[in-house]
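Colleague: What follows is my_file_27.cif; its format and atoms are mmCIF, C-alpha atoms.
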data_run
#
loop_
_atom_site.label_atom_id
_atom_site.label_comp_id
_atom_site.auth_asym_id
_atom_site.auth_seq_id
_atom_site.Cartn_x
_atom_site.Cartn_y
_atom_site.Cartn_z
CA MET D 917 -13.78 33.61 -11.56
CA PRO D 918 -14.54 32.38 -8.02
CA ILE D 919 -14.55 28.66 -7.25
CA HIS D 920 -15.92 27.61 -3.85
CA VAL D 921 -14.05 24.82 -2.06
CA ARG D 922 -16.13 23.14 0.65
CA LEU D 923 -15.01 20.77 3.43
CA LEU D 924 -17.28 18.02 4.72
CA SER D 925 -17.77 20.11 7.86
CA GLY D 926 -19.37 22.80 5.68
CA ARG D 927 -16.53 25.31 6.01
CA THR D 928 -15.90 26.94 2.62
CA ALA D 929 -13.20 29.01 0.94
CA SER D 930 -13.75 31.07 -2.21
CA VAL D 931 -10.74 31.04 -4.54
CA ASP D 932 -10.30 33.50 -7.41
CA CYS D 933 -8.84 31.77 -10.47
CA ASN D 934 -9.17 31.40 -14.22
CA GLN D 935 -9.87 28.41 -16.40
CA LYS D 936 -6.21 28.07 -17.38
CA ASN D 937 -5.24 27.37 -13.76
CA PHE D 938 -4.63 23.76 -12.79
CA VAL D 939 -6.76 21.89 -10.26
CA TYR D 940 -3.53 21.45 -8.27
CA ASP D 941 -3.22 25.28 -8.02
CA LEU D 942 -6.83 25.54 -6.82
CA ARG D 943 -6.15 22.91 -4.16
CA CYS D 944 -2.96 24.59 -2.93
CA THR D 945 -4.68 27.95 -2.57
CA ALA D 946 -7.66 26.38 -0.80
CA GLU D 947 -5.30 24.62 1.64
CA LYS D 948 -3.83 27.97 2.66
CA GLU D 949 -7.26 29.57 3.01
CA LEU D 950 -8.74 26.69 5.03
CA GLY D 951 -5.62 25.81 7.02
CA VAL D 952 -5.81 22.06 6.29
CA GLY D 953 -4.21 19.64 3.86
CA ILE D 954 -6.52 18.55 1.04
CA ALA D 955 -6.23 15.03 -0.39
CA SER D 956 -8.54 15.56 -3.36
CA LEU D 957 -11.21 17.77 -4.90
CA SER D 958 -14.37 16.41 -6.46
CA SER D 959 -17.21 17.81 -8.53
CA ARG D 960 -20.45 16.04 -9.41
CA SER D 961 -19.16 12.88 -7.64
CA LYS D 962 -16.02 12.79 -9.81
CA VAL D 963 -12.51 13.22 -8.39
CA LEU D 964 -10.66 15.97 -10.25
CA SER D 965 -7.16 15.30 -11.56
CA GLY D 966 -4.61 17.74 -10.18
CA THR D 967 -2.90 17.90 -13.58
CA SER D 968 -6.06 19.05 -15.41
CA THR D 969 -6.87 22.70 -16.00
CA LEU D 970 -10.11 24.04 -14.55
CA ALA D 971 -11.49 24.19 -18.09
CA GLU D 972 -10.59 20.55 -18.71
CA ALA D 973 -12.25 19.65 -15.39
CA GLY D 974 -15.43 21.41 -16.54
CA LEU D 975 -15.42 23.99 -13.75
CA GLN D 976 -17.18 27.27 -14.35
CA ASP D 977 -17.67 30.61 -12.63
CA GLY D 978 -19.21 30.13 -9.14
CA ASP D 979 -18.99 26.33 -9.06
CA THR D 980 -18.59 24.53 -5.73
CA VAL D 981 -16.20 21.58 -5.35
CA ASN D 982 -15.95 19.25 -2.38
CA ALA D 983 -12.64 18.80 -0.57
CA LEU D 984 -11.47 15.65 1.21
CA VAL D 985 -9.09 16.46 4.06
CA ARG D 986 -5.73 14.71 3.84
CA ARG D 987 -4.70 12.50 6.76
CA PRO D 988 -1.03 11.74 7.50
CA THR D 989 -0.10 8.43 5.87
CA LEU D 990 2.62 5.97 6.90
CA THR D 991 4.21 3.86 4.16
CA SER D 992 6.64 0.95 4.25
CA ASN D 993 6.55 -2.82 3.73
CA ILE D 994 8.08 -5.94 5.24
CA ARG D 995 10.97 -5.87 2.74
CA SER D 996 11.82 -2.17 3.10
CA PRO D 997 14.47 -0.84 5.49
CA THR D 998 12.85 2.61 5.54
CA PHE D 999 9.62 4.36 6.56
CA VAL D 1000 7.99 7.25 4.75
CA LEU D 1001 5.42 9.56 6.33
CA ILE D 1002 3.43 11.85 4.04
CA GLU D 1003 2.12 14.57 6.35
CA ALA D 1004 -1.28 16.23 6.14
CA ASP D 1005 0.30 19.15 4.28
CA GLY D 1006 1.88 16.84 1.68
CA SER D 1007 5.43 17.10 3.00
CA LEU D 1008 7.43 13.88 3.09
CA LEU D 1009 9.61 12.52 5.88
CA ALA D 1010 11.75 9.37 5.49
CA TRP D 1011 13.78 7.58 8.14
CA GLY D 1012 15.49 4.25 8.78
CA ALA D 1013 18.14 3.12 6.30
CA GLN D 1014 17.53 6.39 4.42
CA THR D 1015 16.70 9.79 5.90
CA ALA D 1016 15.07 12.56 3.89
CA TRP D 1017 12.65 15.47 4.13
CA GLN D 1018 10.84 17.03 1.18
CA PRO D 1019 8.52 20.06 1.14
CA PRO D 1020 4.74 19.75 0.60
CA CYS D 1021 3.71 18.24 -2.74
CA PHE D 1022 3.55 14.43 -2.30
CA GLN D 1023 0.64 12.00 -2.49
CA GLN D 1024 2.06 8.42 -2.65
CA ALA D 1025 5.36 6.53 -2.28
CA ALA D 1026 6.79 3.03 -2.72
CA SER D 1027 10.05 1.32 -1.73
CA SER D 1028 12.15 -1.34 -3.44
CA ALA D 1029 13.69 -4.08 -1.28
CA GLU D 1030 17.13 -2.50 -1.59
CA GLY D 1031 15.85 0.75 -0.09
CA THR D 1032 15.35 2.98 -3.12
CA TRP D 1033 12.17 5.08 -2.88
CA ALA D 1034 9.97 6.60 -5.56
CA ALA D 1035 7.33 9.16 -4.65
CA VAL D 1036 4.52 10.64 -6.73
CA ARG D 1037 4.18 14.38 -6.48
CA GLU D 1038 0.81 16.11 -6.72
CA ILE D 1039 1.71 17.57 -10.11
CA GLY D 1040 1.96 14.00 -11.44
CA ASP D 1041 5.73 13.50 -11.79
CA VAL D 1042 7.99 11.18 -9.77
CA MET D 1043 10.96 11.81 -7.49
CA THR D 1044 13.42 9.13 -6.30
CA TRP D 1045 16.07 8.85 -3.60
CA GLY D 1046 18.04 6.20 -1.72
CA GLU D 1047 20.26 3.49 -3.23
CA PRO D 1048 20.33 4.17 -7.00
CA ASN D 1049 22.28 1.00 -7.90
CA HIS D 1050 19.67 -0.43 -10.29
CA CYS D 1051 16.92 2.21 -10.22
CA ASP D 1052 18.17 5.15 -12.28
CA ILE D 1053 15.07 7.11 -13.27
CA ARG D 1054 16.74 9.50 -15.69
CA LEU D 1055 16.10 7.43 -18.84
CA VAL D 1056 12.31 7.60 -18.34
CA GLN D 1057 11.92 10.90 -16.51
CA ASP D 1058 10.33 12.63 -19.50
CA ARG D 1059 7.63 9.93 -19.72
CA LEU D 1060 6.62 10.23 -16.08
CA ARG D 1061 3.66 12.58 -16.41
CA LYS D 1062 0.22 12.40 -14.78
CA VAL D 1063 1.40 9.51 -12.59
CA GLN D 1064 -1.13 8.13 -10.11
CA GLU D 1065 0.87 5.42 -8.36
CA VAL D 1066 4.27 3.73 -8.23
CA VAL D 1067 4.86 0.05 -7.38
CA ALA D 1068 8.20 -1.64 -6.63
CA THR D 1069 9.83 -5.04 -6.97
CA GLY D 1070 13.17 -5.81 -5.34
CA HIS D 1071 15.16 -3.62 -7.72
CA ALA D 1072 12.74 -1.88 -10.10
CA PHE D 1073 9.68 0.38 -10.29
CA ALA D 1074 6.51 0.63 -12.39
CA ALA D 1075 4.47 3.83 -12.57
CA LEU D 1076 0.78 3.88 -13.50
CA THR D 1077 -0.46 7.05 -15.20
CA GLU D 1078 -3.95 8.56 -15.20
CA ASP D 1079 -4.35 7.37 -18.79
CA GLY D 1080 -3.69 3.76 -17.80
CA ASP D 1081 -0.20 3.61 -19.33
CA VAL D 1082 2.78 2.06 -17.52
CA VAL D 1083 6.38 3.31 -17.30
CA THR D 1084 9.12 1.08 -15.86
CA TRP D 1085 12.72 1.57 -14.79
CA GLY D 1086 15.36 -0.28 -12.76
CA HIS D 1087 17.10 -3.65 -13.04
CA ILE D 1088 16.02 -5.59 -16.13
CA VAL D 1089 15.81 -8.88 -14.19
CA SER D 1090 13.43 -7.29 -11.67
CA GLY D 1091 10.99 -5.95 -14.26
CA GLY D 1092 12.67 -2.62 -14.95
CA GLU D 1093 12.52 -3.35 -18.69
CA SER D 1094 9.04 -3.80 -20.20
CA VAL D 1095 9.73 -3.34 -23.91
CA SER D 1096 8.50 -6.86 -24.75
CA VAL D 1097 5.01 -6.05 -23.42
CA ARG D 1098 4.87 -2.30 -23.95
CA ASP D 1099 2.18 -2.55 -26.63
CA LYS D 1100 -0.05 -4.34 -24.11
CA LEU D 1101 0.52 -1.93 -21.23
CA HIS D 1102 -2.43 0.37 -21.82
CA ALA D 1103 -5.80 0.77 -20.11
CA VAL D 1104 -4.19 -0.61 -16.93
CA GLN D 1105 -6.05 -0.20 -13.63
CA GLN D 1106 -3.80 -2.02 -11.14
CA ILE D 1107 -0.16 -3.12 -10.84
CA SER D 1108 1.16 -5.74 -8.43
CA SER D 1109 4.67 -7.04 -7.84
CA SER D 1110 6.63 -10.06 -6.67
CA MET D 1111 10.33 -9.79 -5.79
CA HIS D 1112 11.44 -9.70 -9.44
CA ALA D 1113 8.32 -9.37 -11.62
CA PHE D 1114 5.25 -7.22 -12.23
CA ALA D 1115 1.64 -8.06 -13.12
CA ALA D 1116 -0.75 -5.45 -14.53
CA VAL D 1117 -4.54 -5.81 -14.56
CA ARG D 1118 -6.15 -4.05 -17.52
CA ARG D 1119 -9.63 -2.55 -17.55
CA ASP D 1120 -10.90 -5.42 -19.71
CA GLY D 1121 -9.91 -7.88 -16.96
CA THR D 1122 -6.88 -9.36 -18.74
CA VAL D 1123 -3.41 -9.50 -17.17
CA VAL D 1124 0.05 -8.55 -18.51
CA THR D 1125 3.20 -9.84 -16.80
CA TRP D 1126 6.91 -9.15 -17.21
CA GLY D 1127 10.19 -9.57 -15.34
CA GLU D 1128 11.88 -12.74 -14.11
CA ALA D 1129 9.91 -15.78 -15.33
CA GLU D 1130 10.65 -17.75 -12.15
CA SER D 1131 9.09 -14.95 -10.09
CA GLY D 1132 5.83 -14.84 -12.07
CA GLY D 1133 6.97 -12.71 -14.99
CA ASP D 1134 5.78 -15.41 -17.39
CA SER D 1135 2.04 -16.15 -17.14
CA SER D 1136 1.70 -17.89 -20.52
CA LYS D 1137 0.64 -21.21 -18.94
CA VAL D 1138 -2.46 -19.60 -17.42
CA LYS D 1139 -3.10 -16.94 -20.07
CA ASP D 1140 -6.48 -18.37 -21.04
CA GLN D 1141 -7.60 -18.32 -17.40
CA LEU D 1142 -6.60 -14.71 -16.82
CA GLN D 1143 -9.91 -13.23 -17.88
CA ARG D 1144 -12.28 -10.99 -15.87
CA VAL D 1145 -9.56 -10.44 -13.27
CA LYS D 1146 -10.20 -7.70 -10.72
CA GLN D 1147 -7.03 -7.89 -8.59
CA VAL D 1148 -3.58 -9.50 -8.50
CA ILE D 1149 -1.49 -10.14 -5.36
CA GLY D 1150 2.23 -10.95 -5.37
CA ALA D 1151 4.37 -13.09 -3.06
CA ASP D 1152 8.15 -13.34 -3.53
CA THR D 1153 8.07 -15.73 -6.49
CA ALA D 1154 4.38 -16.17 -7.40
CA PHE D 1155 1.16 -14.30 -8.13
CA THR D 1156 -2.50 -14.90 -7.34
CA ALA D 1157 -5.26 -13.32 -9.43
CA VAL D 1158 -8.78 -12.93 -8.06
CA ARG D 1159 -11.46 -12.96 -10.74
CA VAL D 1160 -14.80 -11.17 -10.68
CA ASP D 1161 -16.61 -14.41 -9.82
CA GLY D 1162 -14.41 -14.93 -6.74
CA THR D 1163 -12.31 -17.75 -8.20
CA VAL D 1164 -8.51 -17.70 -8.19
CA VAL D 1165 -5.67 -18.23 -10.71
CA THR D 1166 -2.05 -18.75 -9.61
CA TRP D 1167 1.30 -18.81 -11.47
CA GLY D 1168 5.05 -18.47 -10.93
CA ASP D 1169 7.19 -20.77 -8.78
CA ASP D 1170 5.16 -23.78 -7.61
CA ALA D 1171 7.04 -24.01 -4.31
CA GLY D 1172 6.40 -20.33 -3.62
CA GLY D 1173 2.60 -20.41 -3.91
CA ALA D 1174 1.97 -20.86 -7.63
CA ASP D 1175 0.61 -24.38 -7.12
CA SER D 1176 -2.90 -24.08 -5.64
CA SER D 1177 -4.20 -27.34 -7.12
CA GLU D 1178 -4.79 -29.02 -3.75
CA VAL D 1179 -7.10 -26.22 -2.56
CA GLN D 1180 -8.68 -25.07 -5.83
CA ARG D 1181 -12.00 -26.66 -4.91
CA ASP D 1182 -12.09 -24.41 -1.81
CA LEU D 1183 -11.15 -21.22 -3.65
CA PHE D 1184 -14.52 -19.69 -4.42
CA ALA D 1185 -16.23 -16.47 -3.32
CA VAL D 1186 -12.79 -15.08 -2.43
CA LYS D 1187 -12.82 -11.47 -1.21
CA GLN D 1188 -9.23 -10.99 0.02
CA VAL D 1189 -5.85 -12.59 -0.68
CA VAL D 1190 -2.70 -11.89 1.35
CA ALA D 1191 0.85 -13.12 0.71
CA SER D 1192 3.78 -13.96 2.94
CA PHE D 1193 7.13 -14.48 1.20
CA TYR D 1194 6.23 -17.93 -0.16
CA ALA D 1195 2.57 -18.61 0.68
CA PHE D 1196 -0.92 -17.19 0.25
CA ALA D 1197 -4.03 -16.93 2.42
CA ALA D 1198 -7.46 -16.27 0.91
CA VAL D 1199 -10.47 -15.01 2.89
CA ARG D 1200 -13.82 -16.05 1.46
CA LYS D 1201 -17.06 -14.12 1.78
CA ASP D 1202 -18.27 -16.67 4.35
CA GLY D 1203 -15.30 -15.77 6.58
CA CYS D 1204 -13.38 -19.02 6.05
CA VAL D 1205 -9.65 -18.97 5.19
CA VAL D 1206 -7.84 -21.10 2.60
CA THR D 1207 -4.02 -21.31 2.53
CA TRP D 1208 -1.46 -22.77 0.12
CA GLY D 1209 2.24 -22.53 -0.70
CA ASP D 1210 5.29 -23.25 1.45
CA ALA D 1211 4.11 -24.78 4.73
CA ALA D 1212 7.01 -23.14 6.57
CA ALA D 1213 5.81 -19.73 5.36
CA GLY D 1214 2.20 -20.21 6.51
CA GLY D 1215 0.94 -22.22 3.56
CA ASP D 1216 -0.31 -24.91 5.95
CA SER D 1217 -2.98 -23.70 8.41
CA SER D 1218 -4.29 -27.14 9.36
CA THR D 1219 -3.39 -26.76 13.06
CA VAL D 1220 -5.72 -23.75 13.41
CA GLN D 1221 -8.21 -24.46 10.62
CA ASP D 1222 -11.07 -25.02 13.06
CA GLN D 1223 -10.52 -21.46 14.35
CA LEU D 1224 -10.41 -19.82 10.93
CA HIS D 1225 -14.05 -18.86 10.59
CA GLU D 1226 -15.81 -15.49 10.71
CA VAL D 1227 -12.49 -13.89 9.67
CA ARG D 1228 -12.59 -10.28 8.49
CA GLN D 1229 -8.88 -9.48 7.93
CA VAL D 1230 -5.63 -11.38 7.39
CA THR D 1231 -2.12 -9.89 7.56
CA ALA D 1232 1.22 -11.53 6.67
CA SER D 1233 4.78 -11.22 7.90
CA SER D 1234 7.58 -12.92 5.95
CA TYR D 1235 6.75 -16.45 7.13
CA ALA D 1236 3.52 -16.20 9.15
CA PHE D 1237 -0.07 -14.99 9.06
CA ALA D 1238 -2.43 -13.36 11.57
CA ALA D 1239 -6.22 -13.32 11.15
CA VAL D 1240 -8.68 -11.02 12.92
CA ARG D 1241 -12.11 -12.54 13.47
CA GLN D 1242 -15.43 -10.71 13.66
CA ASP D 1243 -15.39 -10.94 17.48
CA GLY D 1244 -12.01 -9.17 17.64
CA THR D 1245 -9.96 -12.24 18.54
CA VAL D 1246 -6.83 -13.26 16.64
CA VAL D 1247 -5.60 -16.53 15.10
CA THR D 1248 -1.96 -16.96 14.04
CA TRP D 1249 -0.02 -19.65 12.17
CA GLY D 1250 3.27 -20.14 10.36
CA ASP D 1251 6.82 -19.68 11.64
CA ALA D 1252 6.73 -18.96 15.39
CA ALA D 1253 9.89 -16.83 15.06
CA CYS D 1254 8.03 -14.56 12.64
CA GLY D 1255 4.85 -14.10 14.70
CA GLY D 1256 3.15 -17.38 13.92
CA ASP D 1257 2.81 -18.11 17.67
CA SER D 1258 0.82 -15.50 19.62
CA SER D 1259 0.15 -17.65 22.70
CA ALA D 1260 2.17 -15.34 24.98
CA VAL D 1261 -0.26 -12.46 24.33
CA ARG D 1262 -3.43 -14.43 23.64
CA ASP D 1263 -5.29 -12.93 26.61
CA GLN D 1264 -4.52 -9.41 25.35
CA LEU D 1265 -5.72 -10.09 21.81
CA GLN D 1266 -9.31 -9.09 22.44
CA GLY D 1267 -11.22 -6.32 20.70
CA VAL D 1268 -8.63 -6.12 17.92
CA ARG D 1269 -9.43 -3.66 15.13
CA GLU D 1270 -6.59 -4.36 12.71
CA ILE D 1271 -3.09 -5.87 12.50
CA ALA D 1272 0.14 -4.67 10.87
CA ALA D 1273 3.31 -6.69 10.23
CA SER D 1274 7.05 -6.22 10.03
CA SER D 1275 9.09 -9.04 8.46
CA GLN D 1276 9.17 -11.05 11.71
CA ALA D 1277 6.54 -9.58 14.05
CA PHE D 1278 2.97 -8.34 14.32
CA ALA D 1279 1.30 -5.33 15.97
CA ALA D 1280 -2.43 -5.26 16.70
CA ILE D 1281 -4.48 -2.09 17.26
CA ARG D 1282 -7.35 -2.68 19.65
CA ASP D 1283 -10.68 -0.84 19.64
CA ASP D 1284 -9.52 1.39 22.50
CA GLY D 1285 -6.45 2.52 20.52
CA SER D 1286 -3.96 0.45 22.52
CA VAL D 1287 -1.40 -1.83 20.84
CA VAL D 1288 -0.32 -5.46 21.39
CA THR D 1289 2.86 -6.84 19.77
CA TRP D 1290 4.42 -10.29 19.39
CA GLY D 1291 7.02 -12.11 17.32
CA ASN D 1292 10.72 -11.40 16.98
CA LYS D 1293 11.62 -8.84 19.66
CA ALA D 1294 14.31 -7.12 17.59
CA SER D 1295 11.87 -6.69 14.69
CA GLY D 1296 9.23 -4.89 16.77
CA GLY D 1297 7.70 -7.84 18.60
CA ASP D 1298 8.70 -6.18 21.89
CA SER D 1299 7.09 -2.77 22.42
CA GLN D 1300 7.62 -2.45 26.18
CA ARG D 1301 9.87 0.59 25.76
CA VAL D 1302 7.06 2.62 24.19
CA GLN D 1303 3.94 0.98 25.65
CA PRO D 1304 3.00 4.05 27.79
CA GLN D 1305 2.89 6.06 24.56
CA LEU D 1306 0.84 3.53 22.57
CA HIS D 1307 -2.64 4.87 23.17
CA SER D 1308 -5.21 6.45 20.88
CA VAL D 1309 -3.37 4.87 17.93
CA GLU D 1310 -4.97 5.41 14.51
CA GLN D 1311 -2.55 3.60 12.19
CA ILE D 1312 0.51 1.33 12.31
CA GLN D 1313 2.94 0.39 9.56
CA GLY D 1314 5.75 -2.19 9.65
CA SER D 1315 9.10 -2.15 7.83
CA ARG D 1316 11.69 -4.91 7.48
CA GLY D 1317 12.47 -4.78 11.20
CA ALA D 1318 10.44 -2.09 13.00
CA PHE D 1319 7.04 -0.46 13.50
CA ALA D 1320 5.78 3.12 13.37
CA ALA D 1321 2.45 4.23 14.85
CA LEU D 1322 0.49 7.45 14.46
CA ARG D 1323 -1.77 8.59 17.29
CA GLU D 1324 -4.92 10.69 17.03
CA ASP D 1325 -2.97 13.72 18.27
CA GLY D 1326 -0.46 13.33 15.41
CA GLU D 1327 2.33 11.96 17.59
CA LEU D 1328 4.65 9.45 15.88
CA ILE D 1329 5.83 6.45 17.93
CA THR D 1330 8.50 4.00 16.69
CA TRP D 1331 10.08 0.82 18.01
CA GLY D 1332 12.13 -2.13 16.78
CA HIS D 1333 15.48 -2.25 14.98
CA ALA D 1334 16.95 1.26 14.72
CA ALA D 1335 18.52 0.57 11.31
CA PHE D 1336 15.06 -0.18 9.90
CA GLY D 1337 13.24 2.83 11.36
CA GLY D 1338 12.83 1.82 15.01
CA SER D 1339 14.23 5.18 16.14
CA ALA D 1340 11.93 8.15 15.55
CA PRO D 1341 13.20 10.85 13.18
CA PRO D 1342 14.47 13.92 15.05
CA GLY D 1343 12.77 17.27 14.88
CA ARG D 1344 9.31 16.21 13.70
CA LYS D 1345 6.48 18.29 15.08
CA PRO D 1346 3.09 16.54 15.39
CA ALA D 1347 0.54 18.00 13.02
CA GLY D 1348 -2.25 17.60 15.55
CA ARG D 1349 -5.70 16.17 15.07
CA LEU D 1350 -7.59 17.39 11.99
CA ILE D 1351 -10.98 18.56 13.20
CA ASP D 1352 -12.32 18.85 9.64
CA ALA D 1353 -11.53 15.26 8.69
CA ALA D 1354 -15.07 14.10 9.42
#
Any chance you could give the structure as structure tokens?

Modeller:
Amino acid sequence: MPIHVRLLSGRTASVDCNQKNFVYDLRCTAEKELGVGIASLSSRSKVLSGTSTLAEAGLQDGDTVNALVRRPTLTSNIRSPTFVLIEADGSLLAWGAQTAWQPPCFQQAASSAEGTWAAVREIGDVMTWGEPNHCDIRLVQDRLRKVQEVVATGHAFAALTEDGDVVTWGHIVSGGESVSVRDKLHAVQQISSSMHAFAAVRRDGTVVTWGEAESGGDSSKVKDQLQRVKQVIGADTAFTAVRVDGTVVTWGDDAGGADSSEVQRDLFAVKQVVASFYAFAAVRKDGCVVTWGDAAAGGDSSTVQDQLHEVRQVTASSYAFAAVRQDGTVVTWGDAACGGDSSAVRDQLQGVREIAASSQAFAAIRDDGSVVTWGNKASGGDSQRVQPQLHSVEQIQGSRGAFAALREDGELITWGHAAFGGSAPPGRKPAGRLIDAA
């Protein structure tokens, strides 16, 4: 039976298949016919699971499904020594502390602090590589089916399946063992992590935690407050939960951001929360910012509080924060050595679209696609070497000590500490701009 796969541009491919074929097979064939990577297929406004058969997805002879073109995606975090790039065709390239290439079939990846990576393949299973010291996946490999996402602590992973179940592996102290809460880990919609604990938000708005108690793995003191939660954000040793009504609940190590008592009266109508290692910053719907936690890690924003209005985005390095205001200007605070002082580039921080962070530096993309950096030079705060190449930039990602940027033409630009991905991987060919992405 023919199934018609249509791009947003209107270009369509007709694929012959039967109802026993998987949606993943339909997508792969359509990618070859259309010559573009496809992120997802949808029918009747519902995204189709790649692990479902066409019959299970309700597709019939002659149906038309809509295809969303896949864009290359950079992944890392301020604790990771490695970058991962999932290309438009689904192939995976890793560089930095670990180097790897895998053929097309990947959709998402996450890194532990020690440099072990776990990546979700389009067929719903998980592949790992890197330092296997505490993250041996073999004991749970048979349970890793229909996985949507993986999340990492310092030395463990948690995988969220399409059914809302959770599978964990890795060091027991870092949340790799979840037997004590396994009966509660169902109907989960989001997982967050601190350095050594996990927090899962269930569809009914309750929260399940496990891992090291001192890192937020024990939420019993605030259990009654963890109702109608829509999102949880983790710092190194604490968590913050944002409830549906915009109020906030915190737990874990008081010194690391779990104690928000002094600012609770200001924590209302919260729309975004961001964490440094030991502090949090919350952006309210009115554009004001509220901070708490270790003052040395950005928990005290009193010196710039009068500037923290009309804020639309906040980003954190290990010990500092950077806020983008509606007018495109930037406000920074926290440890100057980690990007908390942007005075040297203040005049350049105009028309800023978004900001990315490494552990000790920031990189801002301006509206014209140019990039401004500041903070620790060795961690990517100095981009002079590659400045002529930093134009038409679409996305930037930071690792523990470097940055990687993707331009509109598909070119990959890197700078910072070579051991943490500051040297571009050899042999990569730019995929080029995807004309059907719109």

Colleague: When the PyMOL selection byres ((chain D and resi 945-951) around 12) is applied to the file above, which residues end up in the set, as number ranges by chain?

Modeller: D: 918-923, 925-933, 937-944, 952-957, 981-986, 1004-1006, 1020-1021, 1347, 1350-1352

Colleague: Could you tell me which residues the PyMOL selection byres ((chain D and resi 1212) around 9) returns for this structure, as a list in words?

Modeller: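 Output from the PyMOL selection byres ((chain D and resi 1212) around 9), applied to this file: Tyr1194, Ala1195, Gly1209, Asp1210, Ala1211, Ala1213, Gly1214, Gly1215, Asp1216, Tyr1235, Ala1236, Gly1250 and Asp1251 of chain D.
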
Colleague: Please, what distance in Å, to one decimal, runs between CA of Ala1154 (chain D) and CA of Ala1174 (chain D)?

Modeller: 5.3 Å

Colleague: Please tabulate, as CSV, the residues of region 992-1086 of chain D that come within 9 Å of region 1318-1323 of chain D, each with its closest pair of atoms and the distance in Å to one decimal, counting all atoms listed in the file and ordering rows by chain, then residue number upward.

Modeller:
residue,atom,partner,partner_atom,distance
D:Ile994,CA,D:Ala1318,CA,9.0
D:Pro997,CA,D:Ala1318,CA,8.6
D:Phe999,CA,D:Ala1320,CA,7.9

Colleague: What does the PyMOL selection byres ((chain D and resi 1312) around 10) select in this file, as a list in words?

Modeller: Thr989, Leu990, Thr991, Glu1270, Ile1271, Ala1272, Ala1273, Ala1279, Ala1280, Ile1281, Val1287, Val1309, Glu1310, Gln1311, Gln1313, Gly1314, Phe1319, Ala1320, Ala1321, Leu1322, Arg1323, Leu1328, Ile1329 and Thr1330 of chain D

Colleague: Using all atoms listed in the file, pick whichever of D:Glu1226, D:Asp1169, D:Glu1065, D:Asp1243 has the shortest atom-to-atom distance to Arg1037 (chain D).

Modeller: D:Glu1065
